[in-house]
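File shown here: data_3.pdb, holding PDB, C-alpha atoms.
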ATOM      1  CA  MET Z   1     -29.895 111.754 -18.907
ATOM      2  CA  LYS Z   2     -30.713 109.319 -16.086
ATOM      3  CA  LYS Z   3     -28.736 109.355 -12.832
ATOM      4  CA  PHE Z   4     -28.383 107.128  -9.773
ATOM      5  CA  ASN Z   5     -30.371 108.501  -6.820
ATOM      6  CA  THR Z   6     -30.280 107.780  -3.081
ATOM      7  CA  ALA Z   7     -31.505 111.122  -1.704
ATOM      8  CA  VAL Z   8     -35.122 111.555  -2.779
ATOM      9  CA  VAL Z   9     -38.034 109.604  -4.236
ATOM     10  CA  CYS Z  10     -36.956 107.899  -7.446
ATOM     11  CA  ASN Z  11     -38.547 108.857 -10.748
ATOM     12  CA  PRO Z  12     -38.356 106.197 -13.493
ATOM     13  CA  LYS Z  13     -37.911 108.934 -16.119
ATOM     14  CA  LYS Z  14     -34.965 110.551 -14.291
ATOM     15  CA  HIS Z  15     -33.283 107.812 -12.246
ATOM     16  CA  TYR Z  16     -31.889 104.332 -12.698
ATOM     17  CA  MET Z  17     -34.090 101.994 -10.670
ATOM     18  CA  VAL Z  18     -35.603  98.530 -10.504
ATOM     19  CA  ASP Z  19     -38.784  98.129 -12.542
ATOM     20  CA  LEU Z  20     -41.534  98.018  -9.889
ATOM     21  CA  THR Z  21     -44.452  97.530 -12.303
ATOM     22  CA  GLU Z  22     -45.028  93.879 -11.430
ATOM     23  CA  ARG Z  23     -44.715  94.566  -7.690
ATOM     24  CA  VAL Z  24     -47.227  97.439  -7.827
ATOM     25  CA  GLU Z  25     -49.718  95.338  -9.789
ATOM     26  CA  ARG Z  26     -49.313  92.499  -7.265
ATOM     27  CA  ILE Z  27     -50.011  94.880  -4.351
ATOM     28  CA  ILE Z  28     -53.164  96.129  -6.046
ATOM     29  CA  LYS Z  29     -54.411  92.626  -6.835
ATOM     30  CA  ASN Z  30     -53.610  91.023  -3.462
ATOM     31  CA  TYR Z  31     -54.358  93.895  -1.068
ATOM     32  CA  VAL Z  32     -56.110  96.925  -2.559
ATOM     33  CA  GLU Z  33     -58.811  95.239  -4.634
ATOM     34  CA  PRO Z  34     -59.895  92.901  -1.769
ATOM     35  CA  GLY Z  35     -60.153  95.979   0.494
ATOM     36  CA  ASN Z  36     -57.378  94.962   2.912
ATOM     37  CA  TYR Z  37     -55.260  96.990   5.298
ATOM     38  CA  PHE Z  38     -51.560  96.419   4.636
ATOM     39  CA  ALA Z  39     -48.151  97.833   5.532
ATOM     40  CA  ILE Z  40     -44.858  98.147   3.667
ATOM     41  CA  ASN Z  41     -42.105  97.755   6.235
ATOM     42  CA  ARG Z  42     -38.379  97.850   5.448
ATOM     43  CA  GLY Z  43     -35.328  99.826   6.540
ATOM     44  CA  ARG Z  44     -34.359 103.230   5.223
ATOM     45  CA  GLN Z  45     -33.346 103.615   1.561
ATOM     46  CA  TYR Z  46     -35.136 100.417   0.513
ATOM     47  CA  GLY Z  47     -37.569 102.279  -1.744
ATOM     48  CA  LYS Z  48     -40.719 102.284   0.400
ATOM     49  CA  THR Z  49     -41.721 105.858  -0.469
ATOM     50  CA  THR Z  50     -40.873 105.337  -4.145
ATOM     51  CA  THR Z  51     -43.070 102.228  -4.169
ATOM     52  CA  LEU Z  52     -45.925 104.144  -2.526
ATOM     53  CA  CYS Z  53     -45.659 106.971  -5.061
ATOM     54  CA  LEU Z  54     -45.729 104.573  -8.020
ATOM     55  CA  LEU Z  55     -48.600 102.688  -6.398
ATOM     56  CA  ALA Z  56     -50.555 105.936  -5.950
ATOM     57  CA  GLU Z  57     -49.952 106.885  -9.590
ATOM     58  CA  LYS Z  58     -51.347 103.555 -10.777
ATOM     59  CA  LEU Z  59     -54.283 103.632  -8.359
ATOM     60  CA  ARG Z  60     -55.460 107.028  -9.620
ATOM     61  CA  GLU Z  61     -56.627 105.347 -12.810
ATOM     62  CA  LYS Z  62     -59.525 103.879 -10.807
ATOM     63  CA  TYR Z  63     -59.425 105.206  -7.237
ATOM     64  CA  ILE Z  64     -59.248 108.461  -5.329
ATOM     65  CA  CYS Z  65     -55.817 108.095  -3.741
ATOM     66  CA  VAL Z  66     -55.370 110.074  -0.516
ATOM     67  CA  GLN Z  67     -51.624 110.029   0.095
ATOM     68  CA  ILE Z  68     -50.373 111.678   3.309
ATOM     69  CA  SER Z  69     -47.187 111.611   5.384
ATOM     70  CA  PHE Z  70     -46.474 112.244   9.076
ATOM     71  CA  GLU Z  71     -42.851 113.155   8.361
ATOM     72  CA  GLY Z  72     -42.084 116.670   9.576
ATOM     73  CA  ASN Z  73     -45.452 116.967  11.369
ATOM     74  CA  GLU Z  74     -44.362 116.106  14.910
ATOM     75  CA  GLU Z  75     -46.517 118.903  16.394
ATOM     76  CA  MET Z  76     -49.587 116.876  15.403
ATOM     77  CA  PHE Z  77     -48.886 114.355  18.166
ATOM     78  CA  GLN Z  78     -49.317 116.658  21.171
ATOM     79  CA  SER Z  79     -52.924 115.574  21.840
ATOM     80  CA  ASP Z  80     -55.855 113.686  20.346
ATOM     81  CA  TYR Z  81     -57.325 116.938  19.053
ATOM     82  CA  THR Z  82     -54.129 118.203  17.383
ATOM     83  CA  PHE Z  83     -53.631 114.786  15.788
ATOM     84  CA  VAL Z  84     -57.143 114.610  14.335
ATOM     85  CA  SER Z  85     -56.986 118.229  13.233
ATOM     86  CA  GLY Z  86     -53.648 117.637  11.511
ATOM     87  CA  VAL Z  87     -54.820 114.451   9.776
ATOM     88  CA  MET Z  88     -57.970 116.167   8.513
ATOM     89  CA  ASP Z  89     -55.932 119.080   7.143
ATOM     90  CA  LEU Z  90     -53.586 116.688   5.325
ATOM     91  CA  ILE Z  91     -56.494 114.734   3.864
ATOM     92  CA  GLU Z  92     -58.266 117.947   2.824
ATOM     93  CA  GLU Z  93     -55.208 119.017   0.808
ATOM     94  CA  GLN Z  94     -55.203 115.655  -0.953
ATOM     95  CA  LEU Z  95     -58.938 115.785  -1.690
ATOM     96  CA  GLU Z  96     -58.423 119.134  -3.389
ATOM     97  CA  PHE Z  97     -55.451 117.731  -5.336
ATOM     98  CA  GLU Z  98     -57.587 114.773  -6.455
ATOM     99  CA  SER Z  99     -60.304 117.162  -7.711
ATOM    100  CA  VAL Z 100     -62.951 115.670  -5.433
ATOM    101  CA  PRO Z 101     -66.358 117.397  -5.834
ATOM    102  CA  GLU Z 102     -66.591 120.619  -3.828
ATOM    103  CA  HIS Z 103     -69.615 119.521  -1.792
ATOM    104  CA  LEU Z 104     -67.615 116.571  -0.386
ATOM    105  CA  ILE Z 105     -64.715 118.842   0.558
ATOM    106  CA  GLU Z 106     -67.077 121.283   2.289
ATOM    107  CA  LYS Z 107     -68.613 118.432   4.278
ATOM    108  CA  TRP Z 108     -65.112 117.306   5.238
ATOM    109  CA  LYS Z 109     -64.339 120.786   6.608
ATOM    110  CA  ASN Z 110     -67.111 120.676   9.236
ATOM    111  CA  GLU Z 111     -66.074 121.499  12.805
ATOM    112  CA  ILE Z 112     -64.274 118.906  14.929
ATOM    113  CA  ASP Z 113     -65.844 117.865  18.247
ATOM    114  CA  THR Z 114     -63.151 118.822  20.790
ATOM    115  CA  ASP Z 115     -64.382 116.202  23.289
ATOM    116  CA  LEU Z 116     -64.612 113.359  20.766
ATOM    117  CA  PRO Z 117     -62.132 114.139  17.991
ATOM    118  CA  PHE Z 118     -61.590 110.558  16.854
ATOM    119  CA  GLN Z 119     -65.320 109.997  16.505
ATOM    120  CA  THR Z 120     -65.420 113.080  14.287
ATOM    121  CA  LEU Z 121     -62.638 111.721  12.116
ATOM    122  CA  ALA Z 122     -64.344 108.316  11.828
ATOM    123  CA  LYS Z 123     -67.622 109.968  10.849
ATOM    124  CA  ARG Z 124     -65.981 112.148   8.189
ATOM    125  CA  ILE Z 125     -64.193 109.161   6.645
ATOM    126  CA  THR Z 126     -67.444 107.158   6.589
ATOM    127  CA  GLU Z 127     -69.336 110.016   4.918
ATOM    128  CA  LEU Z 128     -66.570 110.553   2.377
ATOM    129  CA  CYS Z 129     -66.541 106.876   1.376
ATOM    130  CA  ARG Z 130     -70.335 106.707   1.270
ATOM    131  CA  PHE Z 131     -70.876 109.683  -1.033
ATOM    132  CA  SER Z 132     -67.805 109.429  -3.253
ATOM    133  CA  GLU Z 133     -68.380 108.216  -6.793
ATOM    134  CA  ARG Z 134     -65.027 106.412  -6.805
ATOM    135  CA  PRO Z 135     -63.556 104.079  -4.153
ATOM    136  CA  ILE Z 136     -60.967 105.695  -1.886
ATOM    137  CA  VAL Z 137     -57.542 104.426  -0.871
ATOM    138  CA  LEU Z 138     -55.750 106.022   2.099
ATOM    139  CA  MET Z 139     -51.945 105.764   2.065
ATOM    140  CA  ILE Z 140     -49.845 106.932   5.039
ATOM    141  CA  ASP Z 141     -46.077 107.327   4.879
ATOM    142  CA  GLU Z 142     -43.853 107.477   8.001
ATOM    143  CA  VAL Z 143     -46.492 105.780  10.173
ATOM    144  CA  LEU Z 144     -44.055 105.029  13.031
ATOM    145  CA  SER Z 145     -44.877 108.413  14.560
ATOM    146  CA  LEU Z 146     -48.492 107.250  14.938
ATOM    147  CA  ALA Z 147     -47.436 104.014  16.638
ATOM    148  CA  LYS Z 148     -45.231 105.996  19.020
ATOM    149  CA  MET Z 149     -48.121 108.346  19.892
ATOM    150  CA  PHE Z 150     -50.241 105.414  21.083
ATOM    151  CA  ASP Z 151     -47.312 103.886  23.014
ATOM    152  CA  TYR Z 152     -47.077 100.827  20.748
ATOM    153  CA  ILE Z 153     -43.388 101.397  20.074
ATOM    154  CA  LYS Z 154     -40.415 103.118  21.652
ATOM    155  CA  SER Z 155     -36.819 103.912  20.776
ATOM    156  CA  VAL Z 156     -34.165 101.704  22.421
ATOM    157  CA  ASN Z 157     -30.525 102.450  21.587
ATOM    158  CA  GLY Z 158     -31.535 103.947  18.276
ATOM    159  CA  ARG Z 159     -33.758 100.995  17.291
ATOM    160  CA  VAL Z 160     -37.533 100.598  17.292
ATOM    161  CA  ALA Z 161     -38.980  98.238  19.924
ATOM    162  CA  VAL Z 162     -42.522  97.327  20.935
ATOM    163  CA  SER Z 163     -43.230  99.138  24.216
ATOM    164  CA  ASN Z 164     -46.600  97.620  25.114
ATOM    165  CA  ARG Z 165     -46.347  94.013  26.351
ATOM    166  CA  ILE Z 166     -49.981  93.153  25.550
ATOM    167  CA  PHE Z 167     -49.643  94.552  22.051
ATOM    168  CA  GLU Z 168     -46.376  92.676  21.598
ATOM    169  CA  VAL Z 169     -47.992  89.317  22.394
ATOM    170  CA  VAL Z 170     -50.854  90.139  20.007
ATOM    171  CA  LEU Z 171     -48.276  90.781  17.274
ATOM    172  CA  TYR Z 172     -46.422  87.558  18.068
ATOM    173  CA  ASP Z 173     -49.677  85.579  17.919
ATOM    174  CA  TYR Z 174     -50.669  87.237  14.662
ATOM    175  CA  PHE Z 175     -47.393  86.507  12.887
ATOM    176  CA  LEU Z 176     -47.347  82.959  14.226
ATOM    177  CA  SER Z 177     -50.875  82.371  12.918
ATOM    178  CA  GLU Z 178     -49.902  83.774   9.489
ATOM    179  CA  ASP Z 179     -46.888  81.496   9.088
ATOM    180  CA  GLU Z 180     -47.990  78.540   6.970
ATOM    181  CA  THR Z 181     -44.678  76.727   7.481
ATOM    182  CA  GLY Z 182     -45.640  76.105  11.102
ATOM    183  CA  ASN Z 183     -48.846  74.174  10.429
ATOM    184  CA  ILE Z 184     -47.190  70.784  10.992
ATOM    185  CA  THR Z 185     -45.714  72.048  14.278
ATOM    186  CA  LYS Z 186     -49.044  73.356  15.552
ATOM    187  CA  LYS Z 187     -50.806  70.117  14.649
ATOM    188  CA  ASP Z 188     -48.180  68.036  16.443
ATOM    189  CA  ALA Z 189     -48.556  70.164  19.588
ATOM    190  CA  GLU Z 190     -52.353  69.880  19.518
ATOM    191  CA  LEU Z 191     -52.116  66.112  19.014
ATOM    192  CA  ASN Z 192     -49.835  65.679  22.055
ATOM    193  CA  LYS Z 193     -51.355  68.328  24.304
ATOM    194  CA  ARG Z 194     -52.851  65.813  26.747
ATOM    195  CA  GLN Z 195     -49.355  64.509  27.579
ATOM    196  CA  PHE Z 196     -48.336  67.943  28.835
ATOM    197  CA  ILE Z 197     -51.278  68.750  31.118
ATOM    198  CA  VAL Z 198     -51.353  66.558  34.233
ATOM    199  CA  ASP Z 199     -54.004  67.220  36.890
ATOM    200  CA  GLY Z 200     -54.400  70.740  35.548
ATOM    201  CA  ARG Z 201     -50.658  71.488  35.727
ATOM    202  CA  LEU Z 202     -48.324  72.107  32.816
ATOM    203  CA  ASP Z 203     -45.484  69.575  32.573
ATOM    204  CA  MET Z 204     -42.836  71.762  30.958
ATOM    205  CA  GLU Z 205     -40.199  69.027  30.842
ATOM    206  CA  ALA Z 206     -42.513  66.712  28.913
ATOM    207  CA  LEU Z 207     -43.381  69.529  26.534
ATOM    208  CA  LEU Z 208     -39.733  70.380  25.870
ATOM    209  CA  ARG Z 209     -38.761  66.734  25.366
ATOM    210  CA  LYS Z 210     -41.580  66.213  22.863
ATOM    211  CA  PHE Z 211     -40.738  69.446  21.087
ATOM    212  CA  ALA Z 212     -37.109  68.318  20.780
ATOM    213  CA  GLU Z 213     -38.256  65.070  19.136
ATOM    214  CA  HIS Z 214     -40.495  66.983  16.745
ATOM    215  CA  TYR Z 215     -37.781  69.507  15.909
ATOM    216  CA  ALA Z 216     -35.187  66.801  15.245
ATOM    217  CA  TYR Z 217     -37.589  64.939  12.963
ATOM    218  CA  VAL Z 218     -38.838  67.916  10.951
ATOM    219  CA  TYR Z 219     -36.181  70.621  11.051
ATOM    220  CA  ALA Z 220     -32.806  69.111  12.011
ATOM    221  CA  ASP Z 221     -31.374  69.118   8.478
ATOM    222  CA  ASN Z 222     -31.717  72.884   8.072
ATOM    223  CA  ASP Z 223     -28.668  75.151   8.035
ATOM    224  CA  GLN Z 224     -27.429  77.797  10.469
ATOM    225  CA  LYS Z 225     -29.312  80.664   8.818
ATOM    226  CA  PHE Z 226     -32.595  78.789   9.157
ATOM    227  CA  ILE Z 227     -31.940  78.004  12.820
ATOM    228  CA  GLU Z 228     -31.043  81.599  13.635
ATOM    229  CA  LYS Z 229     -34.124  82.960  11.887
ATOM    230  CA  TYR Z 230     -36.841  80.413  12.689
ATOM    231  CA  ALA Z 231     -35.898  78.090  15.589
ATOM    232  CA  ARG Z 232     -37.345  80.126  18.465
ATOM    233  CA  LYS Z 233     -40.376  81.026  16.400
ATOM    234  CA  ILE Z 234     -41.013  77.309  15.826
ATOM    235  CA  PHE Z 235     -40.949  76.714  19.586
ATOM    236  CA  LEU Z 236     -43.545  79.447  20.142
ATOM    237  CA  MET Z 237     -45.686  77.780  17.478
ATOM    238  CA  TYR Z 238     -45.455  74.562  19.474
ATOM    239  CA  LEU Z 239     -46.093  76.211  22.840
ATOM    240  CA  LYS Z 240     -49.092  78.354  21.923
ATOM    241  CA  PRO Z 241     -51.645  75.563  21.145
ATOM    242  CA  VAL Z 242     -50.719  73.833  24.411
ATOM    243  CA  ILE Z 243     -51.355  76.776  26.737
ATOM    244  CA  ASN Z 244     -53.990  78.537  24.645
ATOM    245  CA  GLY Z 245     -57.188  79.274  26.568
ATOM    246  CA  THR Z 246     -55.667  78.617  30.004
ATOM    247  CA  GLY Z 247     -52.206  80.175  30.049
ATOM    248  CA  ASN Z 248     -50.283  82.919  28.332
ATOM    249  CA  TYR Z 249     -46.718  83.905  27.563
ATOM    250  CA  TYR Z 250     -44.668  87.026  27.048
ATOM    251  CA  ILE Z 251     -41.138  87.863  26.009
ATOM    252  CA  GLU Z 252     -38.734  89.242  28.599
ATOM    253  CA  ALA Z 253     -37.729  92.659  27.211
ATOM    254  CA  GLN Z 254     -34.194  92.688  28.652
ATOM    255  CA  THR Z 255     -33.132  89.540  26.808
ATOM    256  CA  ARG Z 256     -34.913  89.952  23.482
ATOM    257  CA  ASP Z 257     -32.253  89.892  20.774
ATOM    258  CA  GLU Z 258     -31.058  87.849  17.803
ATOM    259  CA  LYS Z 259     -29.066  85.422  19.996
ATOM    260  CA  LYS Z 260     -31.378  84.543  22.878
ATOM    261  CA  THR Z 261     -34.895  85.167  24.123
ATOM    262  CA  ASP Z 262     -36.405  84.579  27.536
ATOM    263  CA  ILE Z 263     -40.020  83.452  27.487
ATOM    264  CA  ILE Z 264     -42.130  83.656  30.626
ATOM    265  CA  VAL Z 265     -45.119  81.314  30.665
ATOM    266  CA  ASP Z 266     -48.008  81.690  33.106
ATOM    267  CA  TYR Z 267     -50.198  78.613  33.470
ATOM    268  CA  HIS Z 268     -52.751  78.558  36.282
ATOM    269  CA  ALA Z 269     -50.809  79.547  39.400
ATOM    270  CA  GLU Z 270     -47.387  78.522  38.063
ATOM    271  CA  GLN Z 271     -44.782  80.557  36.220
ATOM    272  CA  PHE Z 272     -42.104  79.077  33.963
ATOM    273  CA  LEU Z 273     -38.965  80.798  32.696
ATOM    274  CA  ILE Z 274     -37.580  79.372  29.443
ATOM    275  CA  GLU Z 275     -34.502  80.725  27.741
ATOM    276  CA  THR Z 276     -34.337  79.873  24.055
ATOM    277  CA  LYS Z 277     -30.955  80.493  22.490
ATOM    278  CA  ILE Z 278     -28.635  79.604  19.669
ATOM    279  CA  TRP Z 279     -25.402  77.718  20.469
ATOM    280  CA  TYR Z 280     -22.441  80.065  19.954
ATOM    281  CA  GLY Z 281     -19.845  78.223  22.020
ATOM    282  CA  GLN Z 282     -19.259  77.170  25.618
ATOM    283  CA  LYS Z 283     -18.298  80.610  26.950
ATOM    284  CA  TYR Z 284     -21.448  82.235  25.627
ATOM    285  CA  ASN Z 285     -23.492  79.331  26.974
ATOM    286  CA  GLU Z 286     -22.050  79.748  30.502
ATOM    287  CA  GLU Z 287     -22.781  83.480  30.454
ATOM    288  CA  GLY Z 288     -26.380  82.700  29.498
ATOM    289  CA  GLU Z 289     -26.683  80.246  32.389
ATOM    290  CA  LYS Z 290     -25.475  82.826  34.933
ATOM    291  CA  GLN Z 291     -27.928  85.382  33.585
ATOM    292  CA  LEU Z 292     -30.769  82.864  33.757
ATOM    293  CA  TYR Z 293     -30.001  82.140  37.430
ATOM    294  CA  GLY Z 294     -30.274  85.885  38.046
ATOM    295  CA  TYR Z 295     -33.716  86.014  36.433
ATOM    296  CA  LEU Z 296     -34.843  83.042  38.487
ATOM    297  CA  ASP Z 297     -33.870  84.970  41.632
ATOM    298  CA  ARG Z 298     -35.701  88.077  40.491
ATOM    299  CA  LEU Z 299     -38.871  86.138  39.649
ATOM    300  CA  LYS Z 300     -38.565  83.963  42.787
ATOM    301  CA  ILE Z 301     -38.662  80.773  40.713
ATOM    302  CA  LYS Z 302     -36.621  77.740  41.775
ATOM    303  CA  LYS Z 303     -36.379  76.016  38.392
ATOM    304  CA  GLY Z 304     -35.517  77.400  34.971
ATOM    305  CA  TYR Z 305     -35.450  75.860  31.520
ATOM    306  CA  MET Z 306     -32.992  76.364  28.684
ATOM    307  CA  LEU Z 307     -33.782  75.329  25.112
ATOM    308  CA  THR Z 308     -30.592  75.431  23.032
ATOM    309  CA  PHE Z 309     -30.604  75.187  19.237
ATOM    310  CA  SER Z 310     -27.271  73.969  17.927
ATOM    311  CA  PHE Z 311     -26.025  73.907  14.338
ATOM    312  CA  ASN Z 312     -22.751  72.347  15.581
ATOM    313  CA  LYS Z 313     -22.783  68.726  14.412
ATOM    314  CA  ASN Z 314     -20.394  67.738  17.230
ATOM    315  CA  LYS Z 315     -22.505  69.275  20.007
ATOM    316  CA  LYS Z 316     -24.034  66.734  22.365
ATOM    317  CA  THR Z 317     -27.827  66.786  22.298
ATOM    318  CA  GLY Z 318     -30.200  65.698  25.040
ATOM    319  CA  VAL Z 319     -31.002  66.818  28.594
ATOM    320  CA  GLN Z 320     -28.734  68.127  31.342
ATOM    321  CA  GLU Z 321     -29.728  69.231  34.831
ATOM    322  CA  ARG Z 322     -27.523  71.437  36.986
ATOM    323  CA  ARG Z 323     -27.885  73.026  40.423
ATOM    324  CA  TYR Z 324     -26.750  76.460  41.503
ATOM    325  CA  GLY Z 325     -27.465  76.823  45.189
ATOM    326  CA  GLU Z 326     -31.205  76.266  45.547
ATOM    327  CA  LYS Z 327     -31.817  76.879  41.839
ATOM    328  CA  ILE Z 328     -32.165  74.151  39.208
ATOM    329  CA  LEU Z 329     -31.364  74.611  35.543
ATOM    330  CA  TRP Z 330     -32.923  72.074  33.183
ATOM    331  CA  GLU Z 331     -31.410  72.288  29.687
ATOM    332  CA  ILE Z 332     -32.271  70.437  26.509
ATOM    333  CA  THR Z 333     -30.194  70.817  23.346
ATOM    334  CA  VAL Z 334     -31.565  70.088  19.882
TER     335      VAL Z 334
END

Would you encode the structure as structure tokens?
Amino acid sequence: MKKFNTAVVCNPKKHYMVDLTERVERIIKNYVEPGNYFAINRGRQYGKTTTLCLLAEKLREKYICVQISFEGNEEMFQSDYTFVSGVMDLIEEQLEFESVPEHLIEKWKNEIDTDLPFQTLAKRITELCRFSERPIVLMIDEVLSLAKMFDYIKSVNGRVAVSNRIFEVVLYDYFLSEDETGNITKKDAELNKRQFIVDGRLDMEALLRKFAEHYAYVYADNDQKFIEKYARKIFLMYLKPVINGTGNYYIEAQTRDEKKTDIIVDYHAEQFLIETKIWYGQKYNEEGEKQLYGYLDRLKIKKGYMLTFSFNKNKKTGVQERRYGEKILWEITV
């Protein structure tokens, strides 16, 4: 008799579960067959491991499926050598399970170069793929441990965060480039780029004003959920083509959350601080202004910019400029 299950990997013969057949076939068609790298990323208890197990079962009809997990293998991450050694042991177990020819397994077992362990691993994988009669698919569960080893991520208050600023910007750029909904925004920015660069300097006010016009024309009719999820991302889509090749940007770690994000833009010798935020009332807005003045002090910048996205139909849009001592806050609300 079937039962509901939330503790272990689901088995269609034993547990009530969603039929994942179509999803598995779509993964194979869109990612495995073209030879792509891909990741399945969701929170706990969403069925990631169950999906991987069903995917592996289907793949074995045509492929050698090497399915490994880093869960419970924390000792592997002490050094490059222990990591490579651990990975090769895990893969060896899977090769034996998959009934790979003995001569390939023996070649896999060759000694690891202690000075160049990753080169050894790369060479073994290349040899295995070259001499195998069937194509090989490598599947890794619990890959966050690997990202943590290479300092790509860190734990902040029990949540995963990107710890490497360069890697973070690369990820931002990648996801922005993959988002097809932003094509019209990117094209508009490229078309107007010359208005924003004057004598080699970036005119941030002109850029923000033009972005506000674009946003109002294209996106203003969207609801609160859309604004909360996509508004700041749309601004980054607009900003990137303008500064690309000459400037760069990064996200201020201390303010990165679902309500507001501080973006620091470097263009030639100038630095711009832009806070993008969602309108959640006057009190929250005033708190954000005080915090922005503090960041201006820390960065030794006299002028800061605030881009506010409002889903309140009664909120006044347009530009406001306020002074706080020697600091200037330039805010535009869309």

Around region 130-138 of chain Z, with edges along x, y and z and 5 Å added on all six sides, what centre and edge lengths do you get, in Å to one decimal, as AutoDock Vina command-line options?
--center_x -63.3 --center_y 106.9 --center_z -2.4 --size_x 25.1 --size_y 15.6 --size_z 18.9

What does the PyMOL selection byres ((chain Z and resi 1) around 7) select in this file, as a ChimeraX atom specification?
/Z:2-3,14

Preceding selection exported with C-alpha atoms as a short mmCIF file (atom, residue, chain, number, x, y, z; two decimals), in the coordinates of the input:
data_model
loop_
_atom_site.label_atom_id
_atom_site.label_comp_id
_atom_site.auth_asym_id
_atom_site.auth_seq_id
_atom_site.Cartn_x
_atom_site.Cartn_y
_atom_site.Cartn_z
CA LYS Z 2 -30.71 109.32 -16.09
CA LYS Z 3 -28.74 109.36 -12.83
CA LYS Z 14 -34.97 110.55 -14.29
#

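Computed from the coordinates, the CA of Glu133 (chain Z) to CA of Phe118 (chain Z) distance equals 24.7 Å.
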
Near Lys210 (chain Z), counting all atoms listed in the file, which residues have an atom at most 10 Å away, once you skip same-chain residues fewer than 3 positions from it, shown as an NGL selection string?
:Z and (188-189 or 192 or 195-196 or 204-207 or 213-216 or 238)

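Between Trp108 (chain Z) and the candidates Z:Leu144, Z:Met88, Z:Ala122, Z:Leu273, the tightest atom-to-atom separation, counting all atoms listed in the file, involves Z:Met88.
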
Mind telling me what the PyMOL selection byres ((chain Z and resi 98) around 10) catches here, as a PyMOL selection string?
chain Z and resi 60+63-66+92-97+99-101

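Atom pair CA of Cys10 (chain Z) / CA of Glu71 (chain Z): separated by 17.7 Å.
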
Could you work out how far CA of Ala231 (chain Z) lies from CA of Lys187 (chain Z), giving the answer in Å with one decimal?
16.9 Å

Within 12 Å of file point (-64.2, 122.8, 13.3), counting all atoms listed in the file, expressed as a list in words:
Tyr81, Thr82, Val84, Ser85, Gly86, Met88, Asp89, Glu106, Lys107, Trp108, Lys109, Asn110, Glu111, Ile112, Asp113, Thr114, Asp115, Pro117, Thr120, Leu121 and Arg124 of chain Z

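Nearest residue to Ile227 (chain Z) among Z:Asn312, Z:Thr21, Z:Asn244, Z:Ser132 is Z:Asn312, counting only C-alpha atoms.
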
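For the structure in this document, the set picked by the PyMOL selection byres ((chain Z and resi 325) around 12) is Z:Tyr293, Z:Gly294, Z:Leu296, Z:Asp297, Z:Lys302, Z:Lys303, Z:Arg322, Z:Arg323, Z:Tyr324, Z:Glu326, Z:Lys327, Z:Ile328, Z:Leu329.
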
Spatial neighbours of Val265 (chain Z), 8 Å, only C-alpha atoms, chain gap at least 3 places, as an mmCIF file with C-alpha atoms, keeping the file's coordinate frame:
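This went into part-v8.cif:
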data_model
loop_
_atom_site.group_PDB
_atom_site.id
_atom_site.type_symbol
_atom_site.label_atom_id
_atom_site.label_comp_id
_atom_site.auth_asym_id
_atom_site.auth_seq_id
_atom_site.Cartn_x
_atom_site.Cartn_y
_atom_site.Cartn_z
ATOM 1 C CA GLY Z 247 -52.206 80.175 30.049
ATOM 2 C CA ASN Z 248 -50.283 82.919 28.332
ATOM 3 C CA TYR Z 249 -46.718 83.905 27.563
ATOM 4 C CA TYR Z 250 -44.668 87.026 27.048
ATOM 5 C CA GLN Z 271 -44.782 80.557 36.220
ATOM 6 C CA PHE Z 272 -42.104 79.077 33.963
ATOM 7 C CA LEU Z 273 -38.965 80.798 32.696
ATOM 8 C CA ILE Z 274 -37.580 79.372 29.443
#

Check the smallest atom-to-atom distance from each of Z:Lys233, Z:Gln45, Z:Glu74, Z:Phe226 to Lys148 (chain Z) using only C-alpha atoms, then report the winner.
Z:Glu74

Between Z:Glu190, Z:Glu228, Z:Asp223, Z:Glu321, single out the one closest to Phe211 (chain Z), counting only C-alpha atoms.
Z:Glu190

At a cut-off of 12 Å, using all atoms listed in the file, what residues contact Ile27 (chain Z)? Leave out same-chain residues fewer than 3 positions from it and give the result as number ranges by chain.
Z: 20-24, 30-40, 51-52, 54-56, 58-59

Which residue, Z:Gly72, Z:Gly304, Z:Pro135, Z:Gly200, has the smallest gap to Thr246 (chain Z) when you use only C-alpha atoms?
Z:Gly200
